[in-house]
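Notes follow once the structure below has been shown.
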Amino acid sequence: MIVLGIETSCDETGLALYDSERGLLADALHSQVALHADYGGVVPELASRDHVQKALPLLRQVLDEAGIGAADIDGVAWTAGPGLVGALLVGAALGRSLAFAWGVPGVGVHHMEGHLLAPMLEDPAPEFPFVALLVSGGHTQLVEVAGVGRYRLLGESLDDAAGEAFDKTAKLLGLGYPGGPAVAKLAEQGRPGRFDFPRPMVNRPGLDFSFSGLKTYTMNTLREEEARCAGDAERGQLAADIALAFETAVVETLAIKCRRALDETGLRRLVVAGGVSANRRLRGRLEAEVARLGAAVYYPRPAFCTDNGAMIAYAGWQRLRVGASEPLAFNARPRWGLEELSPPC
């Protein structure tokens with residue numbers, strides 16, 4: 001079964017073709033980073049218009065790369081939510097239209113389920129059950145995963161997601177967008193131990209997260225220390241030291257909560273997905289943490305940590321293969337809880 005996946009939930013247009021027998025056939029992605037960089041964040045209207053312009057050329061690209069035609073496609077999957085409603089509607093309209101025109105079933109996919117299942121595209125793939133840390137610009141969640149569509153939310157961010165906190169901290173430090181890679185790069189020049197930032201909510205029970213206070217603590221530290229700087233060189237080193245302290249605090253917080261989730265569930269497999277999962281310091285810290293527990297950690301390849309069509313094609317296949325299909329009326333759900341999903345049947 002060959003499935004076309006379409007991802008347009010935010011600022012990346014991704015299309016991919018997944019074959020249940022041969023695996024991933026083709027994948028194409030257009031990033032809107034340059035489009036939104038001057039604004040320091042995603043502008044929804046610009047994002048939607050760019051999806052409209054880029055989706056069909058990317059469709060032709062993946063068909064050519066896979067060496068197949070429309071007649072070879074057995075199903076279409078698109079991101080139905082959560083995300084920016086205008087951007088979601090672009091992908092949903094395209095996916096539903098293609099499925100109708102080609103006479104094949106179509107299905108809307110939960111964006112975070114796509115991220116959660118992205119490591120299944122790797123070798124070796126994790127086996128169920130496992131704990132998943134979904135960490136991106138819009139979400140920070142810990143989920144107990146018993147199988148496809150069988151999810152129990154263990155904890156989530158009560159305010160800013162980790163990726164959002166990275167973006168806001170990058171802006172404080174005068175860095176570019178997106179903030180995660182910019183802060184991580186600057187942190188490489190930081191001096192360990194100069195600052196020790198708090199690890200939010202680790203001294204209280206539960207698995208929820210909160211990064212808003214850490215962002216405020218970073219802002220206050222920057223303002224206080226900048227007043228003592230004598231020149232540009234000192235200010236530059238200060239920014240690097242703060243970037244390192246901030247990144248370390250986020251990484252340590254995520255690692256502590258992941259260890260706690262593994263202990264509470266008794267599971268020994270951890271899946272980490274979403275844009276922030278590409279952070280090298282986070283990967284190193286989690287690998288050391290799970291090794292002490294005798295557990296294993298799984299990630300998607302770096303290209304599939306951010307939004308992409310491959311994860312949507314794979315997640316869509318999981319439902320299309322058992323006969324799922326949606327009517328001609330399509331919907332976009334900017335807010336959609338992962339725990340609202342049910343297993344494919």
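Chain identifiers are assigned as A, B, and so on, following the order in which chains appear in the structure tokens; residues are numbered from 1 within each chain, and ligands are numbered from 1 in order of appearance.
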Neighbour list for region 311-323 of chain A as a PyMOL selection string, cut-off 8 Å, only C-alpha atoms, skip fewer than 2 positions in-chain: chain A and resi 1+3-7+16-18+20+75-79+105-109+111+113-115+117-118+121+148+304+308-309+325+344-345
Give me a file of those residues, with C-alpha atoms, as an mmCIF file, in the first residue's frame.
```cif
data_model
loop_
_atom_site.group_PDB
_atom_site.id
_atom_site.type_symbol
_atom_site.label_atom_id
_atom_site.label_comp_id
_atom_site.auth_asym_id
_atom_site.auth_seq_id
_atom_site.Cartn_x
_atom_site.Cartn_y
_atom_site.Cartn_z
ATOM 1 C CA MET A 1 0.000 0.000 0.000
ATOM 2 C CA VAL A 3 0.321 6.410 0.940
ATOM 3 C CA LEU A 4 0.882 10.076 0.158
ATOM 4 C CA GLY A 5 1.456 12.161 3.289
ATOM 5 C CA ILE A 6 0.895 15.936 3.396
ATOM 6 C CA GLU A 7 2.108 18.134 6.267
ATOM 7 C CA ALA A 16 6.213 12.091 1.216
ATOM 8 C CA LEU A 17 5.346 8.687 -0.193
ATOM 9 C CA TYR A 18 5.395 5.639 2.073
ATOM 10 C CA SER A 20 4.112 -0.554 3.377
ATOM 11 C CA GLY A 75 -4.392 6.404 -0.012
ATOM 12 C CA VAL A 76 -3.802 9.997 1.076
ATOM 13 C CA ALA A 77 -3.116 11.311 4.585
ATOM 14 C CA TRP A 78 -2.918 14.924 5.670
ATOM 15 C CA THR A 79 -2.342 16.743 8.948
ATOM 16 C CA PRO A 105 -9.452 6.709 0.718
ATOM 17 C CA GLY A 106 -8.204 9.757 2.614
ATOM 18 C CA VAL A 107 -7.664 10.358 6.297
ATOM 19 C CA GLY A 108 -6.719 13.281 8.537
ATOM 20 C CA VAL A 109 -3.808 12.628 10.895
ATOM 21 C CA HIS A 111 0.214 16.019 14.029
ATOM 22 C CA GLU A 113 0.798 11.195 16.522
ATOM 23 C CA GLY A 114 2.917 11.688 13.437
ATOM 24 C CA HIS A 115 5.847 12.853 15.572
ATOM 25 C CA LEU A 117 5.421 7.393 15.327
ATOM 26 C CA ALA A 118 8.287 8.964 13.350
ATOM 27 C CA LEU A 121 10.623 4.764 10.171
ATOM 28 C CA VAL A 148 -1.115 3.038 17.792
ATOM 29 C CA PHE A 304 12.377 13.881 10.666
ATOM 30 C CA ASN A 308 7.707 16.434 7.662
ATOM 31 C CA GLY A 309 5.468 14.518 5.309
ATOM 32 C CA SER A 325 -11.575 6.670 5.373
ATOM 33 C CA PRO A 344 -7.358 1.972 14.334
ATOM 34 C CA CYS A 345 -9.837 -0.857 13.982
#
```
Non-local contacts of Lys257 (chain A) (10 Å; only C-alpha atoms; under 2 positions in same chain excluded) as a PyMOL selection string: chain A and resi 133+142+155+201-202+206-209+252-255+259-263
Using only C-alpha atoms: which of A:Gly266, A:Pro334, A:Pro327, A:Pro192 has the shortest distance to Glu144 (chain A): A:Gly266
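Minimum distance to Leu175 (chain A) across A:Pro129, A:Gly236, A:Gly149, A:Gly137 (counting only C-alpha atoms) occurs at A:Gly236.
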Between CA of Pro119 (chain A) and CA of Leu186 (chain A) - distance in Å to one decimal: 28.3 Å
Contacts of Ala303 (chain A) at 10 Å (only C-alpha atoms; same-chain gap of 4+ positions) as a list in words: Leu29, Gly275, Ala278, Asp307 and Asn308 of chain A
Keeping N, CA, C and O atoms, export the residues of the selection given above as a compact mmCIF listing (two decimals), in the first residue's frame.
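Saved file out20.txt follows:
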```txt
# COMPACT_ATOMS: atom_id res chain seq x y z
N LEU A 29 10.67 18.52 1.40
CA LEU A 29 10.31 19.49 2.44
C LEU A 29 10.73 20.89 2.02
O LEU A 29 11.84 21.10 1.54
N GLY A 275 10.81 18.77 17.21
CA GLY A 275 11.95 19.58 16.79
C GLY A 275 13.08 19.65 17.79
O GLY A 275 14.26 19.60 17.44
N ALA A 278 16.19 17.08 18.25
CA ALA A 278 17.44 17.14 17.49
C ALA A 278 18.58 17.76 18.29
O ALA A 278 19.74 17.68 17.87
N ASP A 307 8.83 19.06 11.50
CA ASP A 307 7.65 18.65 10.76
C ASP A 307 8.04 18.12 9.38
O ASP A 307 8.92 18.68 8.71
N ASN A 308 7.38 17.05 8.94
CA ASN A 308 7.71 16.43 7.66
C ASN A 308 6.54 15.59 7.17
O ASN A 308 5.68 15.17 7.96
```
Near-Phe197 (chain A) list (8 Å; only C-alpha atoms; drop same-chain fewer than 3 positions) as a list in words: Leu214, Tyr217, Thr218, Ala245, Phe246 and Ala249 of chain A
Shortest interatomic distance to Glu21 (chain A) - which of A:Arg204, A:Asp74, A:Ile2, A:Thr306, counting only C-alpha atoms: A:Ile2
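In this model, the gap between CA of Leu46 (chain A) and CA of Asp27 (chain A) comes to 23.3 Å.
Closest to Ala125 (chain A) among A:Val297, A:Val290, A:Val250, A:Ala243 is A:Val297, based on only C-alpha atoms.
Those residues that approach Ser136 (chain A) to within 9 Å, counting only C-alpha atoms, are A:His139, A:Thr140, A:Ala161, A:Ala162, A:Gly163, A:Glu164, A:Ala273, A:Gly274, A:Gly275, A:Val276, A:Ser277, A:Cys305, A:Thr306; same-chain residues fewer than 3 positions away are not listed.
Distance annotation: of A:Asn203, A:Ser212, A:Gln189, A:Gln61, the residue with the minimal separation from Ala165 (chain A) is A:Ser212; atom set is only C-alpha atoms.
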Members of region 103-208 of chain A assigned helix (DSSP H, G or I) by DSSP, as an NGL selection string: :A and (111-121 or 162-172 or 179-187)
Those same residues - N, CA, C and O atoms - I'd like them written as a compact mmCIF listing (two decimals), in the first residue's frame.
```txt
# COMPACT_ATOMS: atom_id res chain seq x y z
N HIS A 111 -1.18 15.61 14.22
CA HIS A 111 0.21 16.02 14.03
C HIS A 111 1.16 15.38 15.04
O HIS A 111 2.25 14.91 14.68
N MET A 112 0.76 15.36 16.31
CA MET A 112 1.65 14.81 17.33
C MET A 112 1.73 13.29 17.26
O MET A 112 2.74 12.70 17.65
N GLU A 113 0.68 12.63 16.77
CA GLU A 113 0.80 11.20 16.52
C GLU A 113 1.83 10.93 15.44
O GLU A 113 2.57 9.95 15.50
N GLY A 114 1.88 11.82 14.45
CA GLY A 114 2.92 11.69 13.44
C GLY A 114 4.30 11.75 14.05
O GLY A 114 5.17 10.91 13.76
N HIS A 115 4.55 12.75 14.90
CA HIS A 115 5.85 12.85 15.57
C HIS A 115 6.12 11.61 16.42
O HIS A 115 7.24 11.07 16.42
N LEU A 116 5.11 11.17 17.16
CA LEU A 116 5.28 10.05 18.07
C LEU A 116 5.68 8.78 17.32
O LEU A 116 6.49 7.97 17.82
N LEU A 117 5.14 8.60 16.11
CA LEU A 117 5.42 7.39 15.33
C LEU A 117 6.60 7.54 14.38
O LEU A 117 7.01 6.57 13.75
N ALA A 118 7.18 8.75 14.28
CA ALA A 118 8.29 8.96 13.35
C ALA A 118 9.46 8.00 13.57
O ALA A 118 10.08 7.55 12.60
N PRO A 119 9.83 7.65 14.82
CA PRO A 119 10.93 6.70 15.00
C PRO A 119 10.64 5.32 14.42
O PRO A 119 11.57 4.52 14.26
N MET A 120 9.39 5.02 14.10
CA MET A 120 9.06 3.74 13.48
C MET A 120 9.62 3.63 12.07
O MET A 120 9.69 2.53 11.50
N LEU A 121 10.02 4.77 11.51
CA LEU A 121 10.62 4.76 10.17
C LEU A 121 12.11 4.38 10.21
O LEU A 121 12.75 4.26 9.18
N ALA A 162 8.85 23.75 25.49
CA ALA A 162 10.31 23.90 25.50
C ALA A 162 10.81 24.64 24.26
O ALA A 162 11.66 25.53 24.36
N GLY A 163 10.29 24.28 23.10
CA GLY A 163 10.72 24.95 21.88
C GLY A 163 10.35 26.41 21.86
O GLY A 163 11.12 27.26 21.38
N GLU A 164 9.19 26.74 22.40
CA GLU A 164 8.76 28.14 22.49
C GLU A 164 9.69 28.92 23.42
O GLU A 164 10.04 30.08 23.15
N ALA A 165 10.10 28.27 24.53
CA ALA A 165 11.02 28.93 25.45
C ALA A 165 12.37 29.18 24.79
O ALA A 165 13.01 30.22 25.01
N PHE A 166 12.82 28.24 23.96
CA PHE A 166 14.06 28.45 23.20
C PHE A 166 13.92 29.65 22.27
O PHE A 166 14.83 30.48 22.17
N ASP A 167 12.79 29.74 21.57
CA ASP A 167 12.58 30.85 20.64
C ASP A 167 12.58 32.19 21.37
O ASP A 167 13.19 33.18 20.90
N LYS A 168 11.92 32.26 22.52
CA LYS A 168 11.85 33.52 23.27
C LYS A 168 13.20 33.89 23.87
O LYS A 168 13.57 35.07 23.91
N THR A 169 13.94 32.89 24.30
CA THR A 169 15.28 33.16 24.84
C THR A 169 16.21 33.64 23.74
O THR A 169 17.04 34.54 23.95
N ALA A 170 16.10 33.04 22.56
CA ALA A 170 16.90 33.50 21.43
C ALA A 170 16.63 34.96 21.12
O ALA A 170 17.56 35.74 20.83
N LYS A 171 15.37 35.36 21.19
CA LYS A 171 15.04 36.76 20.94
C LYS A 171 15.65 37.67 21.99
O LYS A 171 16.15 38.76 21.67
N LEU A 172 15.62 37.24 23.26
CA LEU A 172 16.24 38.01 24.33
C LEU A 172 17.73 38.22 24.07
O LEU A 172 18.29 39.27 24.37
N GLY A 179 14.75 29.66 17.24
CA GLY A 179 15.64 29.91 18.36
C GLY A 179 16.42 28.70 18.84
O GLY A 179 17.53 28.86 19.34
N GLY A 180 15.87 27.49 18.72
CA GLY A 180 16.53 26.31 19.27
C GLY A 180 17.94 26.10 18.74
O GLY A 180 18.90 26.05 19.52
N PRO A 181 18.11 26.00 17.42
CA PRO A 181 19.46 25.83 16.88
C PRO A 181 20.38 27.01 17.19
O PRO A 181 21.58 26.82 17.42
N ALA A 182 19.83 28.23 17.20
CA ALA A 182 20.65 29.42 17.47
C ALA A 182 21.17 29.42 18.90
O ALA A 182 22.35 29.71 19.15
N VAL A 183 20.31 29.09 19.86
CA VAL A 183 20.74 29.05 21.26
C VAL A 183 21.74 27.92 21.47
O VAL A 183 22.76 28.09 22.16
N ALA A 184 21.49 26.77 20.87
CA ALA A 184 22.40 25.63 21.02
C ALA A 184 23.79 25.95 20.45
O ALA A 184 24.81 25.58 21.04
N LYS A 185 23.83 26.62 19.32
CA LYS A 185 25.12 26.98 18.71
C LYS A 185 25.87 27.96 19.60
O LYS A 185 27.09 27.82 19.82
N LEU A 186 25.18 28.97 20.12
CA LEU A 186 25.84 29.95 20.99
C LEU A 186 26.30 29.29 22.29
O LEU A 186 27.36 29.65 22.83
N ALA A 187 25.52 28.34 22.79
CA ALA A 187 25.86 27.67 24.05
C ALA A 187 27.18 26.92 23.97
O ALA A 187 27.84 26.70 25.00
```
Which of A:Ala101, A:Glu65, A:Asp72, A:His110 sits closest to Ser342 (chain A) [using only C-alpha atoms]: A:His110
Strand (DSSP E or B) positions in region 127-303 of chain A, given as a PyMOL selection string: chain A and resi 130-135+140-147+150-157+209+269-273+296-298
Do a neighbour search on region 88-91 of chain A at 6 Å with only C-alpha atoms, toss out local chain neighbours closer than 4 positions, and write the hits as an mmCIF file with N, CA and C atoms, in the first residue's frame.
```
data_model
loop_
_atom_site.group_PDB
_atom_site.id
_atom_site.type_symbol
_atom_site.label_atom_id
_atom_site.label_comp_id
_atom_site.auth_asym_id
_atom_site.auth_seq_id
_atom_site.Cartn_x
_atom_site.Cartn_y
_atom_site.Cartn_z
ATOM 1 N N THR A 8 1.190 20.371 6.588
ATOM 2 C CA THR A 8 1.158 21.835 6.441
ATOM 3 C C THR A 8 0.667 22.488 7.731
ATOM 4 N N SER A 9 1.055 21.960 8.884
ATOM 5 C CA SER A 9 0.466 22.455 10.130
ATOM 6 C C SER A 9 1.013 23.801 10.572
ATOM 7 N N GLY A 95 -5.288 17.365 0.265
ATOM 8 C CA GLY A 95 -5.345 15.924 0.472
ATOM 9 C C GLY A 95 -6.701 15.341 0.163
ATOM 10 N N ALA A 332 -10.376 20.921 9.985
ATOM 11 C CA ALA A 332 -9.084 21.271 10.564
ATOM 12 C C ALA A 332 -9.302 21.555 12.041
#
```
